[in-house]
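See below for the structure under consideration.
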Amino acid sequence: MNQQILRTTVDHLVVLAATLDEGSRWCTRLLGVTPSPGGQHPLMGTHNRLVNISSFAYPDTYLEIIALDPEAQSQRAPGLKRWFDMDDPVLHAQVARDGPQLIHFVARCPDVQPAMYALGALGLDCGQVIKASRPTPEGLLQWRITVRDDGQRLLEGALPTLIQWGEPGEAEPAHPTQTLPYSGLQLQGLQLTHPTSEWIESACDAIGLNGMQVQAGKPGIRATLQTERGLVQLSSPPHREAPPTSLRD
């Protein structure tokens, strides 16, 4: 497989919060936007709120603030973990100490299975493709997503989870950005770092994920957002977030 066959794009950024209310306050304080209601994920026992961050470079892209749902339990089989390392006590302690933070990103594929195989050929285990959904006022959102049994993010979050919206063969599957209002936020860039940056570059090329900035360094990602207050950078692992920088400065 190569990027002429596979076409993968950034779908959404994942911000983990101890609670959705705390995540909403973080979003309003740092980004100047109150997130829209999302919904519950019955399979995982999680829930979310969303912000549209679509841009010319990253169309149909959003920011997801996600937290464990205190009124629900994971419906995965015993021993199977939730997505995005959300059962990792070290990550929970990090969020409790530092507050809501960018931890991951998800990439959208027309067909998730070949992209998963392409990463597998590089020795990267995406886990299984599972079906997930959440109810919305407009109907049921459905998707297929890669989740490892241990719930771990690939390369500590430096490579994306893969997602395919809708059912196979569906012409125009529903997507969250179709109903999210304009927020004034736009994703301007996404930088991936890892000690073996060549591995990241090979993986992105294998799934047709173009336009990524890749550098050697500690495993993680850095997203640059244009806000109505200026530029803001979110990073994983977290750094103390700087106040927005005006383009006039």
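In the structure tokens, chains take the letters A, B, ... in the order shown, each chain's residues start at 1, and ligands count up from 1 in the order shown.
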Counting only C-alpha atoms, give me one row per residue of region 99-123 of chain A with an atom at most 10 Å from an atom of region 140-155 of chain A, showing the shortest contact pair and its distance in Å to one decimal, sorted by chain then residue number, as a tab-separated table.
residue	atom	partner	partner_atom	distance
A:Ile103	CA	A:Arg153	CA	9.1
A:His104	CA	A:Arg153	CA	7.6
A:Phe105	CA	A:Arg153	CA	9.4
A:Val106	CA	A:Ile145	CA	9.2
A:Ala107	CA	A:Ile145	CA	9.7
A:Arg108	CA	A:Ile145	CA	9.3
A:Cys109	CA	A:Ile145	CA	9.8
A:Asp111	CA	A:Arg144	CA	9.2
A:Val112	CA	A:Arg144	CA	7.5
A:Gln113	CA	A:Thr146	CA	9.0
A:Met116	CA	A:Thr146	CA	7.8
### Task
Name all residues at most 12 Å from Thr224 (chain A) (count only C-alpha atoms; drop same-chain ones fewer than 2 positions away) and give them as a PyMOL selection string.
chain A and resi 13+31+53+55+58+102+185-192+213+221-222+226-227+230-235+241-242+244-245
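Compared by their closest atoms to Pro37 (chain A), and using only C-alpha atoms, the residues A:Gln73, A:Ser54, A:Thr193, A:Thr179 rank with A:Thr179 nearest.
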#### Entry: 6 Å contact set for region 15-28 of chain A, only C-alpha atoms, chain neighbours under 3 positions out, as a PyMOL selection string
chain A and resi 31-34+64-67+100-103
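Between Ala206 (chain A) and the candidates A:Gly220, A:Pro173, A:Gly127, A:Pro114, the tightest atom-to-atom separation, counting only C-alpha atoms, involves A:Pro114.
By only C-alpha atoms, and with residues fewer than 6 positions from Leu68 (chain A) along its chain excluded, the set lying at most 12 Å from it is A:Leu16, A:Ala17, A:Ala18, A:Thr19, A:Leu20, A:Asp21, A:Gly23, A:Gly39, A:Gln40, A:His41, A:Pro42, A:Leu43, A:Met44, A:Gly45, A:Thr46, A:His47, A:Asn48, A:Ser74, A:Arg82, A:Trp83, A:Phe84, A:Asp85, A:Met86, A:Asp87, A:Asp88, A:His92.
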Writing out the chosen residues with C-alpha atoms as a tab-separated table (two decimals), in the first residue's frame:
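So the final result, stored in out.tsv, reads:
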chain	number	residue	atom	x	y	z
A	16	LEU	CA	-8.48	14.40	28.15
A	17	ALA	CA	-10.11	16.01	31.20
A	18	ALA	CA	-10.96	14.72	34.65
A	19	THR	CA	-14.54	15.92	34.07
A	20	LEU	CA	-16.33	17.54	31.14
A	21	ASP	CA	-17.07	20.64	33.21
A	23	GLY	CA	-12.60	20.50	30.23
A	39	GLY	CA	-22.73	12.74	23.89
A	40	GLN	CA	-22.16	9.41	25.57
A	41	HIS	CA	-20.13	6.46	24.24
A	42	PRO	CA	-21.97	3.45	25.72
A	43	LEU	CA	-19.29	0.96	24.64
A	44	MET	CA	-16.48	2.76	26.47
A	45	GLY	CA	-18.28	4.46	29.35
A	46	THR	CA	-16.98	7.87	28.23
A	47	HIS	CA	-18.58	11.13	27.10
A	48	ASN	CA	-17.43	14.24	25.27
A	74	SER	CA	-17.25	0.34	29.96
A	82	ARG	CA	-10.81	1.81	26.95
A	83	TRP	CA	-9.47	3.83	24.02
A	84	PHE	CA	-6.77	6.53	24.26
A	85	ASP	CA	-5.13	5.05	27.41
A	86	MET	CA	-8.13	6.25	29.41
A	87	ASP	CA	-7.67	3.45	31.97
A	88	ASP	CA	-4.00	4.33	32.56
A	92	HIS	CA	-5.06	10.10	35.10
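When only C-alpha atoms are used to compute distances to His12 (chain A), the closest of the residues A:His175, A:Lys131, A:Arg76, A:Lys218 turns out to be A:His175.
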### Query
Counting only C-alpha atoms, which of A:Ala96, A:Val14, A:Leu50, A:Ala115 gets nearest to Asp205 (chain A)?
A:Ala115
#### Entry: All residues 9 Å or closer to Thr196 (chain A), only C-alpha atoms, same chain fewer than 3 positions away omitted, as a PyMOL selection string
chain A and resi 193+199-200+215-217
